file final.cif (mmCIF, C-alpha atoms)
data_coords
#
loop_
_atom_site.label_atom_id
_atom_site.label_comp_id
_atom_site.auth_asym_id
_atom_site.auth_seq_id
_atom_site.Cartn_x
_atom_site.Cartn_y
_atom_site.Cartn_z
CA MET A 876 30.14 3.56 94.15
CA THR A 877 31.88 3.18 90.79
CA ARG A 878 30.04 3.66 87.50
CA GLY A 879 30.32 -0.04 86.71
CA LYS A 880 28.94 -1.18 90.07
CA ALA A 881 26.05 1.31 89.84
CA THR A 882 25.22 -0.01 86.36
CA ALA A 883 25.16 -3.57 87.70
CA VAL A 884 22.90 -2.50 90.56
CA GLY A 885 20.59 -0.74 88.10
CA PHE A 886 20.40 -3.87 85.95
CA GLY A 887 18.93 -5.57 89.01
CA ALA A 888 15.76 -3.60 88.28
CA VAL A 889 15.55 -5.20 84.82
CA LEU A 890 15.79 -8.66 86.42
CA LEU A 891 13.10 -7.78 88.95
CA TRP A 892 10.80 -6.31 86.29
CA SER A 893 11.01 -9.62 84.42
CA LEU A 894 8.95 -11.08 87.30
CA LEU A 895 6.23 -8.44 86.93
CA ALA A 896 4.04 -10.41 84.51
CA LEU A 897 4.23 -13.65 86.52
CA PHE A 898 3.30 -11.98 89.80
CA THR A 899 0.58 -9.91 88.12
CA VAL A 900 -1.03 -13.06 86.70
CA GLY A 901 -1.04 -14.52 90.20
CA THR A 902 -2.91 -11.52 91.66
CA ALA A 903 -6.01 -11.93 89.44
CA PRO A 904 -8.78 -10.75 89.74
CA VAL A 905 -7.53 -7.68 91.68
CA PRO A 906 -8.15 -4.53 89.54
CA PRO A 907 -5.09 -2.52 88.36
CA PHE A 908 -5.24 0.58 90.57
CA GLN A 909 -6.10 -1.44 93.66
CA LEU A 910 -3.16 -3.72 92.89
CA ALA A 911 -0.87 -0.70 92.44
CA ALA A 912 -2.02 0.73 95.79
CA MET A 913 -1.35 -2.56 97.58
CA ALA A 914 2.01 -3.22 95.91
CA PHE A 915 3.35 0.32 96.32
CA THR A 916 2.35 0.26 100.00
CA VAL A 917 4.54 -2.80 100.45
CA GLY A 918 7.33 -1.21 98.38
CA GLY A 919 7.21 1.99 100.42
CA ALA A 920 7.14 0.05 103.70
CA VAL A 921 10.25 -1.87 102.64
CA GLY A 922 12.01 1.45 102.09
CA LEU A 923 10.96 2.76 105.49
CA VAL A 924 12.27 -0.39 107.19
CA TRP A 925 15.60 0.04 105.37
CA ILE A 926 15.77 3.72 106.37
CA GLY A 927 14.91 2.78 109.95
CA PHE A 928 17.75 0.28 110.18
CA ALA A 929 20.11 2.90 108.77
CA ARG A 930 18.68 5.48 111.21
CA SER A 931 18.53 8.00 108.40
CA PHE A 932 14.99 9.33 108.56
CA GLY A 933 16.50 12.78 108.87
CA VAL A 934 17.59 12.75 105.22
CA LEU A 935 13.94 12.66 104.15
CA MET A 936 13.40 16.05 105.79
CA GLN A 937 16.19 17.51 103.66
CA VAL A 938 14.48 16.60 100.37
CA GLY A 939 12.43 19.42 98.83
CA TRP A 940 8.74 19.03 98.05
CA ARG A 941 9.46 19.53 94.34
CA VAL A 942 11.56 16.38 94.32
CA TYR A 943 8.78 14.42 96.02
CA LEU A 944 6.29 15.79 93.51
CA PHE A 945 8.59 14.85 90.62
CA GLY A 946 9.13 11.30 91.87
CA THR A 947 5.47 10.69 92.65
CA LEU A 948 4.34 11.97 89.26
CA GLY A 949 6.93 9.72 87.65
CA LEU A 950 5.82 6.52 89.38
CA PHE A 951 2.08 7.17 89.53
CA GLY A 952 1.93 8.88 86.13
CA TYR A 953 3.62 5.97 84.39
CA HIS A 954 1.32 3.35 85.89
CA ALA A 955 -1.86 5.40 85.48
CA LEU A 956 -1.09 6.06 81.80
CA TYR A 957 -0.11 2.43 81.22
CA PHE A 958 -3.28 1.01 82.78
CA SER A 959 -5.45 3.50 80.90
CA ALA A 960 -3.71 2.76 77.58
CA LEU A 961 -4.34 -0.97 77.95
CA ARG A 962 -8.01 -0.30 78.59
CA MET A 963 -8.42 1.90 75.51
CA ALA A 964 -6.24 0.01 72.99
CA PRO A 965 -5.18 -3.58 72.21
CA ALA A 966 -2.70 -4.77 74.83
CA ALA A 967 0.07 -5.90 72.45
CA GLU A 968 0.12 -2.73 70.36
CA ALA A 969 -0.18 -0.40 73.35
CA GLY A 970 2.49 -2.36 75.19
CA LEU A 971 4.89 -2.01 72.28
CA ILE A 972 4.41 1.77 72.14
CA ALA A 973 4.83 2.02 75.91
CA TYR A 974 8.06 0.07 75.56
CA LEU A 975 9.65 2.90 73.61
CA TRP A 976 10.93 4.19 76.96
CA PRO A 977 14.34 2.43 76.85
CA LEU A 978 15.00 3.90 73.40
CA MET A 979 13.90 7.33 74.65
CA ILE A 980 16.27 7.02 77.63
CA VAL A 981 19.15 6.40 75.25
CA LEU A 982 18.21 9.38 73.08
CA PHE A 983 17.46 11.79 75.93
CA SER A 984 20.64 10.85 77.80
CA GLY A 985 22.61 12.72 75.16
CA LEU A 986 21.22 15.94 76.64
CA LEU A 987 22.74 15.24 80.06
CA PRO A 988 25.91 17.07 81.06
CA GLY A 989 28.97 14.85 80.91
CA GLU A 990 27.28 12.21 78.75
CA ARG A 991 28.24 11.44 75.17
CA LEU A 992 25.77 9.59 72.96
CA ARG A 993 27.48 7.51 70.28
CA PRO A 994 25.79 6.24 67.07
CA LEU A 995 26.30 2.65 68.24
CA HIS A 996 24.17 3.41 71.32
CA ILE A 997 21.26 4.39 69.07
CA ILE A 998 21.75 1.47 66.67
CA GLY A 999 21.93 -0.95 69.59
CA ALA A 1000 18.75 0.46 71.09
CA LEU A 1001 16.92 0.10 67.76
CA VAL A 1002 18.11 -3.49 67.30
CA SER A 1003 17.01 -4.42 70.83
CA PHE A 1004 13.68 -2.67 70.28
CA ALA A 1005 13.14 -4.85 67.21
CA GLY A 1006 13.74 -7.91 69.38
CA ALA A 1007 11.30 -6.70 72.02
CA ALA A 1008 8.75 -5.95 69.29
CA ILE A 1009 8.85 -9.59 68.15
CA ILE A 1010 7.88 -10.66 71.66
CA VAL A 1011 5.30 -8.01 72.46
CA MET A 1012 3.56 -8.18 69.08
CA GLY A 1013 2.91 -11.91 69.35
CA GLY A 1014 -0.78 -11.28 70.02
CA ALA A 1015 -1.19 -8.18 67.87
CA THR A 1016 -4.36 -7.62 65.85
CA GLY A 1017 -3.51 -4.33 64.17
CA PHE A 1018 -3.31 -0.60 64.84
CA GLY A 1019 -6.96 0.45 64.45
CA ALA A 1020 -7.91 4.13 64.27
CA GLU A 1021 -10.45 3.68 67.07
CA ALA A 1022 -7.60 2.90 69.46
CA LEU A 1023 -5.63 6.08 68.72
CA PRO A 1024 -6.43 7.68 72.11
CA GLY A 1025 -5.06 4.58 73.84
CA PHE A 1026 -1.94 4.64 71.65
CA GLY A 1027 -1.47 8.29 72.57
CA LEU A 1028 -1.60 7.45 76.26
CA ALA A 1029 0.89 4.63 75.71
CA PHE A 1030 3.29 7.10 74.08
CA LEU A 1031 2.88 9.50 77.01
CA CYS A 1032 3.55 6.54 79.28
CA ALA A 1033 6.90 5.92 77.56
CA LEU A 1034 7.70 9.64 77.67
CA THR A 1035 6.89 9.80 81.39
CA TRP A 1036 9.14 6.94 82.45
CA SER A 1037 12.04 7.92 80.20
CA GLY A 1038 11.77 11.52 81.40
CA TYR A 1039 11.67 10.39 85.02
CA SER A 1040 14.73 8.16 84.55
CA VAL A 1041 16.85 10.73 82.70
CA LEU A 1042 15.92 13.68 84.93
CA SER A 1043 16.66 11.56 88.02
CA ARG A 1044 20.29 11.81 87.02
CA ARG A 1045 20.06 15.58 87.46
CA LEU A 1046 18.96 14.85 91.04
CA GLY A 1047 22.09 12.83 91.78
CA SER A 1048 22.49 14.41 95.21
CA THR A 1049 18.99 13.32 96.26
CA PRO A 1050 19.21 10.22 98.48
CA THR A 1051 17.68 6.99 97.15
CA ALA A 1052 15.78 6.82 100.45
CA SER A 1053 13.37 9.38 98.96
CA VAL A 1054 12.02 6.62 96.68
CA ALA A 1055 10.21 5.23 99.74
CA VAL A 1056 8.16 8.42 99.90
CA PHE A 1057 7.55 8.27 96.13
CA CYS A 1058 6.13 4.76 96.58
CA LEU A 1059 3.87 5.66 99.52
CA LEU A 1060 2.47 8.75 97.79
CA THR A 1061 1.90 6.68 94.64
CA ALA A 1062 0.03 4.14 96.76
CA ILE A 1063 -2.24 6.90 98.11
CA LEU A 1064 -2.97 8.27 94.62
CA SER A 1065 -3.58 4.75 93.30
CA ALA A 1066 -6.00 4.09 96.14
CA GLY A 1067 -7.88 7.26 95.23
CA ALA A 1068 -8.06 6.24 91.57
CA HIS A 1069 -9.28 2.81 92.65
CA LEU A 1070 -12.08 4.25 94.77
CA LEU A 1071 -13.16 6.50 91.89
CA TRP A 1072 -13.11 4.02 89.01
CA GLU A 1073 -12.91 0.45 90.27
CA THR A 1074 -14.74 -2.08 92.40
CA THR A 1075 -12.71 -3.60 95.22
CA VAL A 1076 -11.78 -7.24 94.65
CA TRP A 1077 -9.38 -9.01 97.00
CA PRO A 1078 -7.02 -11.87 96.08
CA MET A 1079 -8.79 -15.22 95.97
CA ASP A 1080 -6.34 -17.30 98.01
CA ALA A 1081 -2.99 -17.37 99.80
CA LEU A 1082 -1.18 -17.64 96.47
CA GLY A 1083 -2.82 -14.38 95.33
CA TRP A 1084 -1.74 -12.58 98.49
CA ALA A 1085 1.78 -13.98 98.09
CA ALA A 1086 1.85 -12.61 94.53
CA VAL A 1087 0.84 -9.13 95.81
CA LEU A 1088 3.59 -9.32 98.43
CA GLY A 1089 6.06 -10.47 95.76
CA LEU A 1090 5.13 -7.50 93.58
CA GLY A 1091 5.68 -5.06 96.42
CA LEU A 1092 8.99 -6.59 97.46
CA GLY A 1093 10.41 -6.93 93.94
CA PRO A 1094 9.09 -5.39 90.68
CA VAL A 1095 7.13 -2.63 92.43
CA GLY A 1096 9.49 -2.22 95.36
CA LEU A 1097 13.20 -2.97 95.37
CA ALA A 1098 13.34 -2.47 91.58
CA PHE A 1099 12.72 1.28 91.90
CA TYR A 1100 15.43 1.69 94.53
CA VAL A 1101 18.13 -0.06 92.51
CA TRP A 1102 16.96 1.68 89.32
CA ASP A 1103 17.39 5.01 91.08
CA ILE A 1104 21.00 4.12 91.89
CA GLY A 1105 21.64 2.92 88.34
CA VAL A 1106 20.30 5.95 86.48
CA LYS A 1107 21.97 8.40 88.88
CA GLN A 1108 25.43 6.88 89.04
CA GLY A 1109 25.68 4.21 86.32
CA ASP A 1110 25.89 4.00 82.53
CA ILE A 1111 22.41 5.24 81.62
CA GLN A 1112 22.72 4.43 77.90
CA LEU A 1113 23.70 0.83 78.60
CA LEU A 1114 20.91 0.49 81.16
CA GLY A 1115 18.42 1.82 78.63
CA VAL A 1116 19.34 -0.78 76.00
CA ALA A 1117 19.65 -3.57 78.58
CA SER A 1118 16.08 -2.85 79.69
CA TYR A 1119 14.85 -4.55 76.52
CA GLY A 1120 15.92 -7.80 78.15
CA ALA A 1121 12.96 -7.55 80.56
CA PRO A 1122 10.23 -8.70 78.11
CA LEU A 1123 12.44 -11.58 76.93
CA LEU A 1124 13.21 -12.74 80.47
CA SER A 1125 9.57 -12.22 81.44
CA THR A 1126 8.35 -14.44 78.60
CA ILE A 1127 10.89 -17.15 79.45
CA ILE A 1128 9.76 -17.09 83.10
CA LEU A 1129 6.10 -17.40 82.04
CA ILE A 1130 7.02 -20.39 79.86
CA LEU A 1131 8.91 -22.06 82.71
CA ALA A 1132 5.92 -21.42 84.99
CA ASP A 1133 3.66 -23.04 82.34
CA VAL A 1134 1.67 -19.83 81.97
CA ALA A 1135 2.70 -19.19 78.35
CA ALA A 1136 3.61 -21.46 75.42
CA PRO A 1137 7.10 -21.38 73.87
CA ARG A 1138 7.48 -19.70 70.48
CA PRO A 1139 10.27 -20.15 67.91
CA SER A 1140 10.38 -16.37 67.48
CA LEU A 1141 11.83 -16.07 71.00
CA ILE A 1142 15.20 -17.26 69.69
CA LEU A 1143 15.35 -14.46 67.12
CA ALA A 1144 14.11 -11.94 69.70
CA GLY A 1145 16.77 -13.05 72.17
CA LEU A 1146 19.52 -12.74 69.57
CA LEU A 1147 18.42 -9.23 68.59
CA ILE A 1148 18.12 -8.01 72.18
CA THR A 1149 21.51 -9.48 73.05
CA LEU A 1150 23.12 -8.01 69.93
CA GLY A 1151 21.73 -4.57 70.72
CA ALA A 1152 23.02 -4.74 74.28
CA VAL A 1153 26.48 -5.79 73.04
CA MET A 1154 26.52 -2.81 70.65
CA ALA A 1155 25.63 -0.45 73.48
CA ALA A 1156 28.29 -2.02 75.71
CA ARG A 1157 30.93 -1.56 73.02
CA ALA A 1158 29.91 2.06 72.57
CA SER A 1159 30.20 2.65 76.31
CA ALA A 1160 33.55 0.86 76.48
CA ALA A 1161 34.85 3.00 73.62
CA ARG A 1162 33.96 6.11 75.61
#
call {"tool": "encode", "arguments": {"input": "final.cif", "output": "structure tokens"}}
result
Amino acid sequence: MTRGKATAVGFGAVLLWSLLALFTVGTAPVPPFQLAAMAFTVGGAVGLVWIGFARSFGVLMQVGWRVYLFGTLGLFGYHALYFSALRMAPAAEAGLIAYLWPLMIVLFSGLLPGERLRPLHIIGALVSFAGAAIIVMGGATGFGAEALPGFGLAFLCALTWSGYSVLSRRLGSTPTASVAVFCLLTAILSAGAHLLWETTVWPMDALGWAAVLGLGLGPVGLAFYVWDIGVKQGDIQLLGVASYGAPLLSTIILILADVAAPRPSLILAGLLITLGAVMAARASAAR
């Protein structure tokens, strides 16, 4: 697969993650860790079906346990830290800090062998981050000192996902099929966290179950497989900046679904995110 095609495949994850908020709203009142366990079970099962059709279960036996540990900690660690941060701090502020991960990907990618980080990559990432901040901070109430532990977890959340994404490139020879195991192990850990800290609540109707299935098939399923291809073989700097399009697309989808109200600030946010992505694309083209 060429670098350009892998980047396009990886961007598919950004499109799928834009559906995360809509599907999550539809799963209410299922608690977070229970929802993660259900969705990752579906996502892992999808991977196993794909591997079965390809008759490539043997490749899973060739992957070392350290890789499985790395991938599981990446997926489960990110979601556990994110859920915990939102419980301990205001959602808008914690969400903004957690959304530092695309910027971190751009910065950390400069440490990868064979990659060259240009100033325009960094400027583009900062411009797009400003656009995402306009969206995420729409319901902000302020950064209170009492929420500092939650903000700290949100920062670790961003560090976890950016570290997972960048280090995945160092595992370029590891087959994407291993993501299925990451998902299933994450589902098991999420189920354990649910049993420890939550009360089981099932979806209220068929629409709720459909939303859980949609999460597992898309934002918490296929998205991780195509992201794995993108960060291993594609333009990781461009993917990092382009990831800021997810909150914009997510908000637009919520507006179209009549779940959220339109805001004039979305136009400015969209322009900034687009401008940042264009800067990153120009930097990559110059390389």
call {"tool": "residues_around", "arguments": {"input": "final.cif", "residues": "Ala1068 in chain A", "least_positions_apart": "4", "cutoff": "10 Å", "atoms": "only C-alpha atoms", "output": "PyMOL selection string"}}
result
chain A and resi 907-909+912+955+1062-1064+1072-1073
call {"tool": "write_last_selection", "arguments": {"input": "final.cif", "atoms": "C-alpha atoms", "output": "compact mmCIF listing (two decimals), keeping the file's coordinate frame"}}
result
# COMPACT_ATOMS: atom_id res chain seq x y z
CA PRO A 907 -5.09 -2.52 88.36
CA PHE A 908 -5.24 0.58 90.57
CA GLN A 909 -6.10 -1.44 93.66
CA ALA A 912 -2.02 0.73 95.79
CA ALA A 955 -1.86 5.40 85.48
CA ALA A 1062 0.03 4.14 96.76
CA ILE A 1063 -2.24 6.90 98.11
CA LEU A 1064 -2.97 8.27 94.62
CA TRP A 1072 -13.11 4.02 89.01
CA GLU A 1073 -12.91 0.45 90.27
call {"tool": "closest_residue", "arguments": {"input": "final.cif", "among": "A:Val942, A:Leu1046, A:Ala914, A:Ile980", "to": "Gln1108 in chain A", "atoms": "all atoms listed in the file"}}
result
A:Leu1046
call {"tool": "residues_around", "arguments": {"input": "final.cif", "residues": "Ile926 in chain A", "least_positions_apart": "3", "cutoff": "10 Å", "atoms": "only C-alpha atoms", "output": "list in words"}}
result
Ala920, Val921, Gly922, Leu923, Ala929, Arg930, Ser931, Phe932, Gly933, Val934, Leu935, Thr1051, Ala1052, Ser1053 and Ala1055 of chain A
call {"tool": "resolve_selection", "arguments": {"input": "final.cif", "expression": "the PyMOL selection byres ((chain A and resi 895) around 10)", "output": "PyMOL selection string"}}
result
chain A and resi 890-894+896-900+1086+1089-1090+1093-1095+1121-1122+1125
call {"tool": "atom_distance", "arguments": {"input": "final.cif", "atom1": "CA of Gly1105 in chain A", "atom2": "CA of Ala888 in chain A"}}
result
8.8 Å
call {"tool": "resolve_selection", "arguments": {"input": "final.cif", "expression": "the PyMOL selection byres ((chain A and resi 1110-1119) around 6)", "output": "PyMOL selection string"}}
result
chain A and resi 882+889+977+980-981+1000+1106+1109+1120-1121+1152+1155
call {"tool": "resolve_selection", "arguments": {"input": "final.cif", "expression": "the PyMOL selection byres ((chain A and resi 976) around 7)", "output": "PyMOL selection string"}}
result
chain A and resi 973-975+977-980+1033-1034+1036-1037
call {"tool": "write_last_selection", "arguments": {"input": "final.cif", "atoms": "C-alpha atoms", "output": "PDB file, keeping the file's coordinate frame"}}
result
ATOM      1  CA  ALA A 973       4.830   2.020  75.910  1.00  0.00           C
ATOM      2  CA  TYR A 974       8.060   0.070  75.560  1.00  0.00           C
ATOM      3  CA  LEU A 975       9.650   2.900  73.610  1.00  0.00           C
ATOM      4  CA  PRO A 977      14.340   2.430  76.850  1.00  0.00           C
ATOM      5  CA  LEU A 978      15.000   3.900  73.400  1.00  0.00           C
ATOM      6  CA  MET A 979      13.900   7.330  74.650  1.00  0.00           C
ATOM      7  CA  ILE A 980      16.270   7.020  77.630  1.00  0.00           C
ATOM      8  CA  ALA A1033       6.900   5.920  77.560  1.00  0.00           C
ATOM      9  CA  LEU A1034       7.700   9.640  77.670  1.00  0.00           C
ATOM     10  CA  TRP A1036       9.140   6.940  82.450  1.00  0.00           C
ATOM     11  CA  SER A1037      12.040   7.920  80.200  1.00  0.00           C
TER      12      SER A1037
END
call {"tool": "atom_distance", "arguments": {"input": "final.cif", "atom1": "CA of Gly879 in chain A", "atom2": "CA of Ala1098 in chain A"}}
result
17.8 Å
call {"tool": "residues_near_point", "arguments": {"input": "final.cif", "point": "(10.3, -3.8, 72.5)", "cutoff": "7 Å", "atoms": "all atoms listed in the file", "output": "JSON, numbers by chain"}}
result
{"A": [971, 974, 975, 1003, 1004, 1005, 1006, 1007, 1008, 1011, 1119]}
call {"tool": "residues_around", "arguments": {"input": "final.cif", "residues": "Val1002 in chain A", "least_positions_apart": "4", "cutoff": "7 Å", "atoms": "only C-alpha atoms", "output": "list in words"}}
result
Ile998, Gly1006, Leu1147, Ile1148 and Gly1151 of chain A
call {"tool": "atom_distance", "arguments": {"input": "final.cif", "atom1": "CA of Ile1009 in chain A", "atom2": "CA of Leu1141 in chain A"}}
result
7.7 Å
call {"tool": "residues_around", "arguments": {"input": "final.cif", "residues": "Leu1028 in chain A", "least_positions_apart": "2", "cutoff": "12 Å", "atoms": "only C-alpha atoms", "output": "list in words"}}
result
Gly952, Tyr953, His954, Ala955, Leu956, Tyr957, Phe958, Ser959, Ala960, Leu961, Arg962, Met963, Ala964, Glu968, Ala969, Gly970, Ile972, Ala973, Ala1022, Leu1023, Pro1024, Gly1025, Phe1026, Phe1030, Leu1031, Cys1032, Ala1033, Leu1034 and Thr1035 of chain A
call {"tool": "closest_residue", "arguments": {"input": "final.cif", "among": "A:Phe1018, A:Phe1057, A:Phe886, A:Trp1084", "to": "Ala967 in chain A", "atoms": "only C-alpha atoms"}}
result
A:Phe1018
call {"tool": "closest_residue", "arguments": {"input": "final.cif", "among": "A:Leu1071, A:Leu1082, A:Ile1010, A:Leu987", "to": "Ile1127 in chain A", "atoms": "all atoms listed in the file"}}
result
A:Ile1010
call {"tool": "residues_around", "arguments": {"input": "final.cif", "residues": "Thr916 in chain A", "least_positions_apart": "5", "cutoff": "8 Å", "atoms": "all atoms listed in the file", "output": "list in words"}}
result
Cys1058, Leu1059, Ala1062 and Gly1091 of chain A
call {"tool": "closest_residue", "arguments": {"input": "final.cif", "among": "A:Pro906, A:Phe951, A:Pro1139, A:Lys1107", "to": "Ser1048 in chain A", "atoms": "only C-alpha atoms"}}
result
A:Lys1107
call {"tool": "axis_aligned_box", "arguments": {"input": "final.cif", "around": "range 1054-1065 of chain A", "padding_each_side": "6 Å", "output": "lines of an AutoDock Vina configuration file"}}
result
center_x = 4.2
center_y = 6.4
center_z = 96.6
size_x = 27.6
size_y = 16.6
size_z = 18.6
call {"tool": "closest_residue", "arguments": {"input": "final.cif", "among": "A:Leu1001, A:Asp1133, A:Phe1099, A:Ala1020", "to": "Thr1149 in chain A", "atoms": "only C-alpha atoms"}}
result
A:Leu1001
call {"tool": "decode", "arguments": {"input": "final.cif", "residues": "range 1079-1088 of chain A", "atoms": "all heavy atoms", "output": "mmCIF file, in the first residue's frame"}}
result
data_model
loop_
_atom_site.group_PDB
_atom_site.id
_atom_site.type_symbol
_atom_site.label_atom_id
_atom_site.label_comp_id
_atom_site.auth_asym_id
_atom_site.auth_seq_id
_atom_site.Cartn_x
_atom_site.Cartn_y
_atom_site.Cartn_z
ATOM 1 N N MET A 1079 -32.434 0.839 26.611
ATOM 2 C CA MET A 1079 -33.862 0.889 26.908
ATOM 3 C C MET A 1079 -34.732 0.302 25.799
ATOM 4 O O MET A 1079 -35.826 -0.187 26.058
ATOM 5 C CB MET A 1079 -34.276 2.340 27.171
ATOM 6 C CG MET A 1079 -33.574 2.972 28.362
ATOM 7 S SD MET A 1079 -34.065 4.686 28.628
ATOM 8 C CE MET A 1079 -35.810 4.480 28.989
ATOM 9 N N ASP A 1080 -34.248 0.363 24.545
ATOM 10 C CA ASP A 1080 -35.089 -0.090 23.435
ATOM 11 C C ASP A 1080 -34.208 -0.568 22.282
ATOM 12 O O ASP A 1080 -32.972 -0.618 22.395
ATOM 13 C CB ASP A 1080 -36.018 1.042 22.963
ATOM 14 C CG ASP A 1080 -35.272 2.352 22.736
ATOM 15 O OD1 ASP A 1080 -34.059 2.285 22.407
ATOM 16 O OD2 ASP A 1080 -35.873 3.432 22.894
ATOM 17 N N ALA A 1081 -34.860 -0.914 21.175
ATOM 18 C CA ALA A 1081 -34.133 -1.414 20.011
ATOM 19 C C ALA A 1081 -33.168 -0.370 19.459
ATOM 20 O O ALA A 1081 -32.078 -0.714 18.975
ATOM 21 C CB ALA A 1081 -35.126 -1.832 18.926
ATOM 22 N N LEU A 1082 -33.556 0.902 19.550
ATOM 23 C CA LEU A 1082 -32.680 1.968 19.061
ATOM 24 C C LEU A 1082 -31.393 2.020 19.880
ATOM 25 O O LEU A 1082 -30.310 2.236 19.340
ATOM 26 C CB LEU A 1082 -33.405 3.313 19.137
ATOM 27 C CG LEU A 1082 -32.649 4.520 18.558
ATOM 28 C CD1 LEU A 1082 -32.372 4.306 17.085
ATOM 29 C CD2 LEU A 1082 -33.445 5.801 18.776
ATOM 30 N N GLY A 1083 -31.498 1.801 21.204
ATOM 31 C CA GLY A 1083 -30.322 1.782 22.060
ATOM 32 C C GLY A 1083 -29.392 0.633 21.714
ATOM 33 O O GLY A 1083 -28.169 0.808 21.658
ATOM 34 N N TRP A 1084 -29.958 -0.537 21.468
ATOM 35 C CA TRP A 1084 -29.130 -1.688 21.077
ATOM 36 C C TRP A 1084 -28.481 -1.461 19.714
ATOM 37 O O TRP A 1084 -27.323 -1.854 19.487
ATOM 38 C CB TRP A 1084 -29.984 -2.956 21.050
ATOM 39 C CG TRP A 1084 -30.284 -3.501 22.411
ATOM 40 C CD1 TRP A 1084 -31.455 -3.400 23.104
ATOM 41 C CD2 TRP A 1084 -29.387 -4.230 23.252
ATOM 42 N NE1 TRP A 1084 -31.351 -4.008 24.322
ATOM 43 C CE2 TRP A 1084 -30.088 -4.537 24.447
ATOM 44 C CE3 TRP A 1084 -28.063 -4.651 23.137
ATOM 45 C CZ2 TRP A 1084 -29.509 -5.239 25.500
ATOM 46 C CZ3 TRP A 1084 -27.479 -5.363 24.185
ATOM 47 C CH2 TRP A 1084 -28.200 -5.645 25.340
ATOM 48 N N ALA A 1085 -29.224 -0.821 18.801
ATOM 49 C CA ALA A 1085 -28.662 -0.507 17.486
ATOM 50 C C ALA A 1085 -27.493 0.470 17.613
ATOM 51 O O ALA A 1085 -26.499 0.365 16.886
ATOM 52 C CB ALA A 1085 -29.746 0.084 16.585
ATOM 53 N N ALA A 1086 -27.600 1.415 18.562
ATOM 54 C CA ALA A 1086 -26.519 2.376 18.786
ATOM 55 C C ALA A 1086 -25.271 1.664 19.322
ATOM 56 O O ALA A 1086 -24.147 1.982 18.930
ATOM 57 C CB ALA A 1086 -26.971 3.457 19.754
ATOM 58 N N VAL A 1087 -25.463 0.693 20.226
ATOM 59 C CA VAL A 1087 -24.327 -0.091 20.740
ATOM 60 C C VAL A 1087 -23.667 -0.859 19.594
ATOM 61 O O VAL A 1087 -22.438 -0.890 19.472
ATOM 62 C CB VAL A 1087 -24.796 -1.065 21.838
ATOM 63 C CG1 VAL A 1087 -23.654 -2.008 22.233
ATOM 64 C CG2 VAL A 1087 -25.293 -0.306 23.062
ATOM 65 N N LEU A 1088 -24.488 -1.468 18.754
ATOM 66 C CA LEU A 1088 -23.955 -2.212 17.613
ATOM 67 C C LEU A 1088 -23.215 -1.276 16.668
ATOM 68 O O LEU A 1088 -22.132 -1.605 16.159
ATOM 69 C CB LEU A 1088 -25.097 -2.912 16.873
ATOM 70 C CG LEU A 1088 -24.708 -3.763 15.655
ATOM 71 C CD1 LEU A 1088 -23.786 -4.900 16.075
ATOM 72 C CD2 LEU A 1088 -25.954 -4.314 14.971
#
